[in-house]
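Peer 1: Structure incoming, see below.
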Amino acid sequence: MAQILIIEDEHALGGALAMTIMRLGHQSTLVASGTAALQALDHNPFDAVILDIGLPDMNGLGVLETIRNAGNKTPVVILTAHGTLDHTISAQKLGVADFLMKPVDLSHFENVIESLVASRILVTRAEPPGTPTLIGGGPGMHRVFLGIARACHGELPVMITGPSGSGKTLAARLIHTNSNHGSDEWFRMHGGMIKHSSSLHTRLTDHHGTLLIEDLDALPDELQHELAQLMENRSPGAPRLIATMQKNPANGEADIRIRPELFYAFSGLTIEMPPLRDRSGDIPELCRFFHGMRPETRGSNFGISSAALSALQAYPWPGNIRELQSVLEHAWALSRGDIIYPGHLPPHVAQVLQPASGSFTSSELESAITRWLEAQMEILAESSWNYDKFLEGIEASMLRFLLEKFDSRPTRLATALGMNRATLRQKLRRYGLREEG
């Protein structure tokens, strides 16, 4: 149960907010002035503050500034009838969790409150990054790591496929750095920028090291044929060849413009980078890594609310890792290095939490179950996989959560769920869940 301070001089609105908070199972303290608010904050700890800009005795921003100057980092939500630029900039500099415009949408207010008082996840400090690396713990990234390891110990041409922003260039650089060519030169060329065969001849005959051709399918058709011939007849000591493409021709996509002979020349070793939407379980570790890359926050901890992390893991990430880094930079700028809440995320990312869209429930549930199943299938031999056991694991977690929500009282829980009490008790005993005596 959270304790929430409401600073609002409009009696009707303050009462409505207090009733909403009570309906969510939390407690509130309602004050009507800035002076009363500061006194309440001096004597009581609060989990969140709802602050109106227009107060009778002082400006709400003055209250916020006093709170922050006292070292109080309690999340604050601003209420305002006029979202002026000056107010928004000033409030943002002082670190606010969210803004709500009057008249307040109470259903949206509920979502904001739940996101503020949900558990916060402390992401431990990250060491300053050294050599750039790839991060991931799921099966998709394990296959990438295996492919990179194989590529580092050979001379075969390498094809790296994957959507934009998924890390193809970084994977190529890691292969170069950890191969026999690591101390030699590294060249990058974009397929669409190569217009003359002399460019290919020069790079493939007069240089050593590694040559990366990005977007190989953008190479003009006649040069694709010429490159395939050069690869077939390349001399010892020629550069190691790595190519990238967004789509994998082996997957049967018909709109890829690449000549068969060139595709086969690169088909000996192919690495497929998974999109970020397929490995949302890696997002906390990616957040930690990008936090460690920032000079202004390097070596410090940062926190993220469970609701904000849920939004990051439910969002489909069309821009993949590159987009995630940009979104995090946006959030860190608004949070001023404190806990990231959904209000600090760009609207198109935060809106996946809106129940009306239906995406939060389905996407986040599917993401969580996928991560759990991947972990189970990693640690269990295939002969031990059992659908009923997997289902029981999910049901046990669900009942454990619900039982705690209902103060370990199965009778109340059974009534709320519309379940026979004897059936519920039987399930609780099966999963070893304790109930109040």
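In the structure tokens, each chain is lettered A, B, ... as it comes, each chain's residues begin at 1, and ligands are numbered from 1 in order of appearance.
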List the spatial neighbours of range 181-185 of chain A as a PyMOL selection string - criterion: any atom at most 12 Å away, only C-alpha atoms, same-chain residues fewer than 2 positions off excluded.

Peer 2: chain A and resi 151-155+172-179+187-188+203+206-212+237-241

Peer 1: Can you write out the residues you just picked, keeping N, CA, C and O atoms, as a compact mmCIF listing (two decimals), in the first residue's frame?

Peer 2:
# COMPACT_ATOMS: atom_id res chain seq x y z
N ALA A 151 33.39 -17.54 -37.34
CA ALA A 151 33.94 -16.63 -38.34
C ALA A 151 35.32 -16.12 -37.94
O ALA A 151 36.15 -15.82 -38.82
N CYS A 152 35.57 -16.00 -36.65
CA CYS A 152 36.86 -15.47 -36.18
C CYS A 152 38.02 -16.43 -36.46
O CYS A 152 39.18 -16.02 -36.51
N HIS A 153 37.70 -17.71 -36.64
CA HIS A 153 38.75 -18.71 -36.82
C HIS A 153 38.71 -19.29 -38.23
O HIS A 153 38.66 -20.49 -38.43
N GLY A 154 38.72 -18.43 -39.21
CA GLY A 154 38.71 -18.88 -40.58
C GLY A 154 38.82 -17.71 -41.53
O GLY A 154 38.96 -16.56 -41.12
N GLU A 155 38.73 -18.02 -42.82
CA GLU A 155 38.85 -16.99 -43.85
C GLU A 155 37.64 -16.95 -44.76
O GLU A 155 37.61 -16.20 -45.74
N ALA A 172 30.23 -7.46 -37.49
CA ALA A 172 31.31 -7.53 -38.47
C ALA A 172 32.62 -7.01 -37.88
O ALA A 172 33.69 -7.60 -38.08
N ARG A 173 32.53 -5.92 -37.13
CA ARG A 173 33.75 -5.35 -36.52
C ARG A 173 34.35 -6.32 -35.49
O ARG A 173 35.57 -6.44 -35.37
N LEU A 174 33.48 -7.01 -34.75
CA LEU A 174 33.97 -7.98 -33.77
C LEU A 174 34.69 -9.15 -34.46
O LEU A 174 35.70 -9.65 -33.96
N ILE A 175 34.17 -9.57 -35.60
CA ILE A 175 34.84 -10.64 -36.36
C ILE A 175 36.22 -10.17 -36.80
O ILE A 175 37.22 -10.90 -36.65
N HIS A 176 36.30 -8.96 -37.33
CA HIS A 176 37.60 -8.42 -37.76
C HIS A 176 38.57 -8.33 -36.59
O HIS A 176 39.72 -8.80 -36.67
N THR A 177 38.11 -7.76 -35.48
CA THR A 177 39.00 -7.52 -34.33
C THR A 177 39.55 -8.81 -33.75
O THR A 177 40.71 -8.87 -33.32
N ASN A 178 38.74 -9.87 -33.75
CA ASN A 178 39.14 -11.12 -33.11
C ASN A 178 39.65 -12.17 -34.09
O ASN A 178 39.82 -13.33 -33.71
N SER A 179 39.90 -11.77 -35.32
CA SER A 179 40.40 -12.72 -36.32
C SER A 179 41.89 -12.49 -36.54
O SER A 179 42.51 -11.62 -35.91
N PHE A 187 38.02 -1.78 -43.66
CA PHE A 187 37.38 -0.91 -44.65
C PHE A 187 35.88 -1.15 -44.65
O PHE A 187 35.43 -2.29 -44.53
N ARG A 188 35.12 -0.07 -44.82
CA ARG A 188 33.67 -0.17 -44.96
C ARG A 188 33.25 0.51 -46.25
O ARG A 188 33.68 1.62 -46.55
N ARG A 203 40.16 -2.46 -53.87
CA ARG A 203 40.01 -2.96 -52.50
C ARG A 203 40.38 -4.43 -52.39
O ARG A 203 40.92 -4.89 -51.37
N ASP A 206 44.65 -4.68 -53.83
CA ASP A 206 45.76 -3.85 -53.34
C ASP A 206 45.77 -3.68 -51.83
O ASP A 206 46.57 -2.91 -51.30
N HIS A 207 44.88 -4.35 -51.11
CA HIS A 207 44.81 -4.17 -49.67
C HIS A 207 44.70 -5.51 -48.94
O HIS A 207 44.33 -6.53 -49.52
N HIS A 208 45.08 -5.45 -47.67
CA HIS A 208 44.89 -6.59 -46.77
C HIS A 208 43.83 -6.19 -45.74
O HIS A 208 43.18 -5.16 -45.87
N GLY A 209 43.64 -7.01 -44.72
CA GLY A 209 42.70 -6.66 -43.68
C GLY A 209 41.32 -7.23 -43.94
O GLY A 209 41.15 -8.35 -44.40
N THR A 210 40.29 -6.42 -43.64
CA THR A 210 38.90 -6.86 -43.77
C THR A 210 38.12 -5.79 -44.53
O THR A 210 38.25 -4.59 -44.25
N LEU A 211 37.32 -6.24 -45.49
CA LEU A 211 36.45 -5.34 -46.25
C LEU A 211 35.00 -5.69 -45.92
O LEU A 211 34.55 -6.81 -46.16
N LEU A 212 34.27 -4.71 -45.39
CA LEU A 212 32.84 -4.87 -45.12
C LEU A 212 32.06 -4.14 -46.19
O LEU A 212 32.25 -2.93 -46.40
N GLY A 237 46.07 -13.59 -49.34
CA GLY A 237 46.43 -12.29 -48.79
C GLY A 237 45.44 -11.19 -49.11
O GLY A 237 45.59 -10.05 -48.65
N ALA A 238 44.42 -11.50 -49.91
CA ALA A 238 43.38 -10.50 -50.21
C ALA A 238 42.56 -10.25 -48.95
O ALA A 238 42.54 -11.07 -48.01
N PRO A 239 41.86 -9.14 -48.89
CA PRO A 239 41.07 -8.85 -47.69
C PRO A 239 40.02 -9.90 -47.39
O PRO A 239 39.48 -10.54 -48.31
N ARG A 240 39.76 -10.08 -46.11
CA ARG A 240 38.63 -10.91 -45.68
C ARG A 240 37.35 -10.16 -46.05
O ARG A 240 37.21 -8.96 -45.78
N LEU A 241 36.37 -10.87 -46.61
CA LEU A 241 35.15 -10.22 -47.06
C LEU A 241 33.98 -10.51 -46.11
O LEU A 241 33.72 -11.67 -45.77

Peer 1: At a cut-off of 6 Å, using only C-alpha atoms, what residues contact range 165-168 of chain A? Leave out same-chain residues fewer than 5 positions from it and give the result as a short mmCIF file (atom, residue, chain, number, x, y, z; two decimals) with all heavy atoms, in the first residue's frame.

Peer 2:
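Once everything was written out, this is selection-v2.cif:
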data_model
loop_
_atom_site.label_atom_id
_atom_site.label_comp_id
_atom_site.auth_asym_id
_atom_site.auth_seq_id
_atom_site.Cartn_x
_atom_site.Cartn_y
_atom_site.Cartn_z
N PRO A 275 15.80 -9.46 -34.50
CA PRO A 275 15.28 -8.13 -34.14
C PRO A 275 15.10 -8.03 -32.64
O PRO A 275 14.92 -9.04 -31.94
CB PRO A 275 13.93 -8.07 -34.87
CG PRO A 275 13.53 -9.50 -35.05
CD PRO A 275 14.80 -10.27 -35.22
N GLY A 319 13.06 0.15 -34.93
CA GLY A 319 14.43 0.61 -35.14
C GLY A 319 15.47 -0.18 -34.38
O GLY A 319 16.66 0.15 -34.41
N ASN A 320 15.03 -1.21 -33.65
CA ASN A 320 15.92 -2.15 -32.96
C ASN A 320 16.85 -1.47 -31.96
O ASN A 320 16.44 -0.53 -31.29
CB ASN A 320 16.67 -2.98 -34.00
CG ASN A 320 15.72 -3.87 -34.78
OD1 ASN A 320 15.20 -4.84 -34.25
ND2 ASN A 320 15.45 -3.51 -36.04
N ILE A 321 18.09 -1.96 -31.84
CA ILE A 321 19.01 -1.48 -30.79
C ILE A 321 19.26 0.01 -30.92
O ILE A 321 19.34 0.73 -29.93
CB ILE A 321 20.34 -2.25 -30.85
CG1 ILE A 321 20.11 -3.76 -30.78
CG2 ILE A 321 21.26 -1.80 -29.72
CD1 ILE A 321 19.55 -4.24 -29.49
N ARG A 322 19.38 0.48 -32.14
CA ARG A 322 19.66 1.90 -32.36
C ARG A 322 18.51 2.76 -31.80
O ARG A 322 18.74 3.79 -31.17
CB ARG A 322 19.83 2.16 -33.85
CG ARG A 322 20.33 3.56 -34.18
CD ARG A 322 20.46 3.75 -35.68
NE ARG A 322 21.44 2.84 -36.26
CZ ARG A 322 21.18 2.01 -37.26
NH1 ARG A 322 19.98 1.96 -37.80
NH2 ARG A 322 22.13 1.23 -37.74
#

Peer 1: What is the distance, in Å and to one decimal place, between CA of Ile113 in chain A and CA of Trp372 in chain A?

Peer 2: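 So the two atoms, CA of Ile113 in chain A and CA of Trp372 in chain A, lie 27.8 Å apart.
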
Peer 1: So which residues touch range 27-30 of chain A within 6 Å, counting only C-alpha atoms, skipping near sequence neighbours fewer than 5 positions away, as an mmCIF file with C-alpha atoms, in the first residue's frame?

Peer 2:
data_model
loop_
_atom_site.group_PDB
_atom_site.id
_atom_site.type_symbol
_atom_site.label_atom_id
_atom_site.label_comp_id
_atom_site.auth_asym_id
_atom_site.auth_seq_id
_atom_site.Cartn_x
_atom_site.Cartn_y
_atom_site.Cartn_z
ATOM 1 C CA GLN A 3 1.176 6.724 0.639
ATOM 2 C CA ILE A 4 0.446 9.520 -1.840
ATOM 3 C CA LEU A 5 0.364 13.269 -1.190
ATOM 4 C CA ILE A 6 -2.173 15.280 -3.221
ATOM 5 C CA ALA A 18 -8.262 10.763 -3.379
ATOM 6 C CA MET A 22 -8.317 4.644 -2.377
#

Peer 1: Could you tell me which of A:Glu374, A:Phe46, A:Ala314, A:Asp217 comes closest to Gln351 in chain A if we count only C-alpha atoms?

Peer 2: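 Between A:Glu374, A:Phe46, A:Ala314, A:Asp217, the residue approaching Gln351 in chain A most closely is A:Ala314.
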
Peer 1: May I ask for the distance between CA of Arg371 in chain A and CA of Ile394 in chain A, given in Å to one decimal place?

Peer 2: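 Separation of CA of Arg371 in chain A and CA of Ile394 in chain A: 12.0 Å.
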
Peer 1: Find the residues around Thr169 in chain A up to 12 Å (only C-alpha atoms counted), leave out those fewer than 5 positions away in its own chain, and share them as a PyMOL selection string.

Peer 2: chain A and resi 132-134+159-164+174-176+186-190+211-215+242-246+271+273+322

Peer 1: As a PyMOL selection string, please: all residues of range 113-316 of chain A that backbone DSSP puts in strand (DSSP E).

Peer 2: chain A and resi 120-123+158-161+186-190+210-214+240-245+270-272+302-305

Peer 1: Return the single residue from A:Val96, A:Lys389, A:Lys102, A:Ser33 that is closest to Leu13 in chain A, with distances computed using only C-alpha atoms.

Peer 2: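 Using only C-alpha atoms, Leu13 in chain A sits closest to A:Lys102.
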
Peer 1: Name the closest residue to Asp282 in chain A among the candidates A:Asp42, A:Leu328, A:Gly138, A:Ala171; distances are taken between atoms, counting only C-alpha atoms.

Peer 2: A:Gly138

Peer 1: Residues within 9 Å of Ala16 in chain A, please, as a compact mmCIF listing (two decimals) with C-alpha atoms, in the first residue's frame. Count only C-alpha atoms; anything in the same chain fewer than 5 positions from it doesn't count.

Peer 2:
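The resulting selection39.txt:
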# COMPACT_ATOMS: atom_id res chain seq x y z
CA HIS A 11 -11.93 20.52 -3.46
CA ILE A 21 -6.27 6.36 -5.09
CA LEU A 106 -9.25 9.53 -14.13

Peer 1: With only C-alpha atoms as the counted atoms, please give the residues lying no more than 8 Å from His330 in chain A, apart from itself and same-chain residues fewer than 2 positions off, as a list in words.

Peer 2: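 What passes the distance filter is Ser326, Val327, Leu328, Trp332, Ala333, Leu334, His344, Leu345 and Pro346 of chain A.
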
Peer 1: Rounded to one decimal place, report the CA of Gly191 in chain A-CA of Gly136 in chain A distance in Å.

Peer 2: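 Taking CA of Gly191 in chain A and CA of Gly136 in chain A, their separation equals 28.8 Å.
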
Peer 1: Using the chain letters and numbers from this document, which residues of range 306-437 of chain A does DSSP assign to helix (DSSP H, G or I), as a ChimeraX atom specification?

Peer 2: /A:306-314,320-335,342-344,347-353,355-357,359-379,382-384,387-405,410-417,421-430

Peer 1: Using only C-alpha atoms, which residues sit within 7 Å of Leu51 in chain A once same-chain residues fewer than 2 positions away are excluded, as a tab-separated table (two decimals) with all heavy atoms, in the first residue's frame?

Peer 2:
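Below is the file out-v4.tsv, written as the result:
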chain	number	residue	atom	x	y	z
A	6	ILE	N	-1.48	14.51	-2.19
A	6	ILE	CA	-2.17	15.28	-3.22
A	6	ILE	C	-2.15	16.75	-2.81
A	6	ILE	O	-2.64	17.11	-1.73
A	6	ILE	CB	-3.64	14.82	-3.39
A	6	ILE	CG1	-3.69	13.32	-3.71
A	6	ILE	CG2	-4.33	15.62	-4.49
A	6	ILE	CD1	-5.12	12.77	-3.68
A	7	ILE	N	-1.61	17.60	-3.66
A	7	ILE	CA	-1.55	19.04	-3.39
A	7	ILE	C	-2.46	19.70	-4.41
A	7	ILE	O	-2.07	19.95	-5.55
A	7	ILE	CB	-0.11	19.56	-3.49
A	7	ILE	CG1	0.85	18.67	-2.68
A	7	ILE	CG2	-0.03	21.01	-3.03
A	7	ILE	CD1	2.32	18.95	-2.94
A	8	GLU	N	-3.70	19.98	-4.01
A	8	GLU	CA	-4.72	20.48	-4.94
A	8	GLU	C	-5.73	21.32	-4.16
A	8	GLU	O	-6.30	20.84	-3.19
A	8	GLU	CB	-5.41	19.31	-5.63
A	8	GLU	CG	-6.60	19.65	-6.48
A	8	GLU	CD	-6.25	20.65	-7.56
A	8	GLU	OE1	-5.45	20.32	-8.47
A	8	GLU	OE2	-6.78	21.79	-7.48
A	49	VAL	N	3.90	12.15	-5.22
A	49	VAL	CA	3.28	13.44	-4.96
A	49	VAL	C	2.52	13.88	-6.22
A	49	VAL	O	3.07	13.82	-7.33
A	49	VAL	CB	4.33	14.52	-4.60
A	49	VAL	CG1	3.68	15.89	-4.47
A	49	VAL	CG2	5.05	14.14	-3.31
A	53	ILE	N	-0.03	23.06	-10.25
A	53	ILE	CA	0.81	24.24	-10.48
A	53	ILE	C	0.21	25.48	-9.83
A	53	ILE	O	0.91	26.29	-9.21
A	53	ILE	CB	0.98	24.49	-12.01
A	53	ILE	CG1	1.91	23.43	-12.61
A	53	ILE	CG2	1.50	25.88	-12.28
A	53	ILE	CD1	3.37	23.64	-12.31
A	60	GLY	N	3.21	26.13	-7.75
A	60	GLY	CA	3.57	24.73	-7.55
A	60	GLY	C	5.01	24.42	-7.90
A	60	GLY	O	5.64	23.54	-7.31
A	76	VAL	N	7.14	13.02	-8.67
A	76	VAL	CA	6.13	14.07	-8.65
A	76	VAL	C	5.42	14.11	-10.00
A	76	VAL	O	6.06	14.10	-11.05
A	76	VAL	CB	6.76	15.45	-8.35
A	76	VAL	CG1	5.72	16.56	-8.48
A	76	VAL	CG2	7.40	15.46	-6.97
A	77	VAL	N	4.08	14.18	-9.94
A	77	VAL	CA	3.26	14.35	-11.14
A	77	VAL	C	2.66	15.75	-11.08
A	77	VAL	O	2.07	16.14	-10.07
A	77	VAL	CB	2.14	13.30	-11.21
A	77	VAL	CG1	1.22	13.58	-12.40
A	77	VAL	CG2	2.72	11.90	-11.31
A	78	ILE	N	2.82	16.50	-12.16
A	78	ILE	CA	2.33	17.87	-12.22
A	78	ILE	C	0.90	17.89	-12.78
A	78	ILE	O	0.61	17.26	-13.81
A	78	ILE	CB	3.24	18.74	-13.11
A	78	ILE	CG1	4.62	18.92	-12.46
A	78	ILE	CG2	2.61	20.09	-13.40
A	78	ILE	CD1	4.61	19.77	-11.21
A	79	LEU	N	0.01	18.64	-12.11
A	79	LEU	CA	-1.33	18.92	-12.61
A	79	LEU	C	-1.36	20.36	-13.10
A	79	LEU	O	-0.93	21.26	-12.39
A	79	LEU	CB	-2.38	18.75	-11.51
A	79	LEU	CG	-2.60	17.36	-10.91
A	79	LEU	CD1	-3.65	17.46	-9.80
A	79	LEU	CD2	-3.07	16.39	-11.97

Peer 1: Between A:Asn72, A:Ser383, A:Ser197, A:Thr80, which one has atoms that come closest to Pro103 in chain A, using only C-alpha atoms?

Peer 2: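 Closest to Pro103 in chain A of all the choices is A:Thr80.
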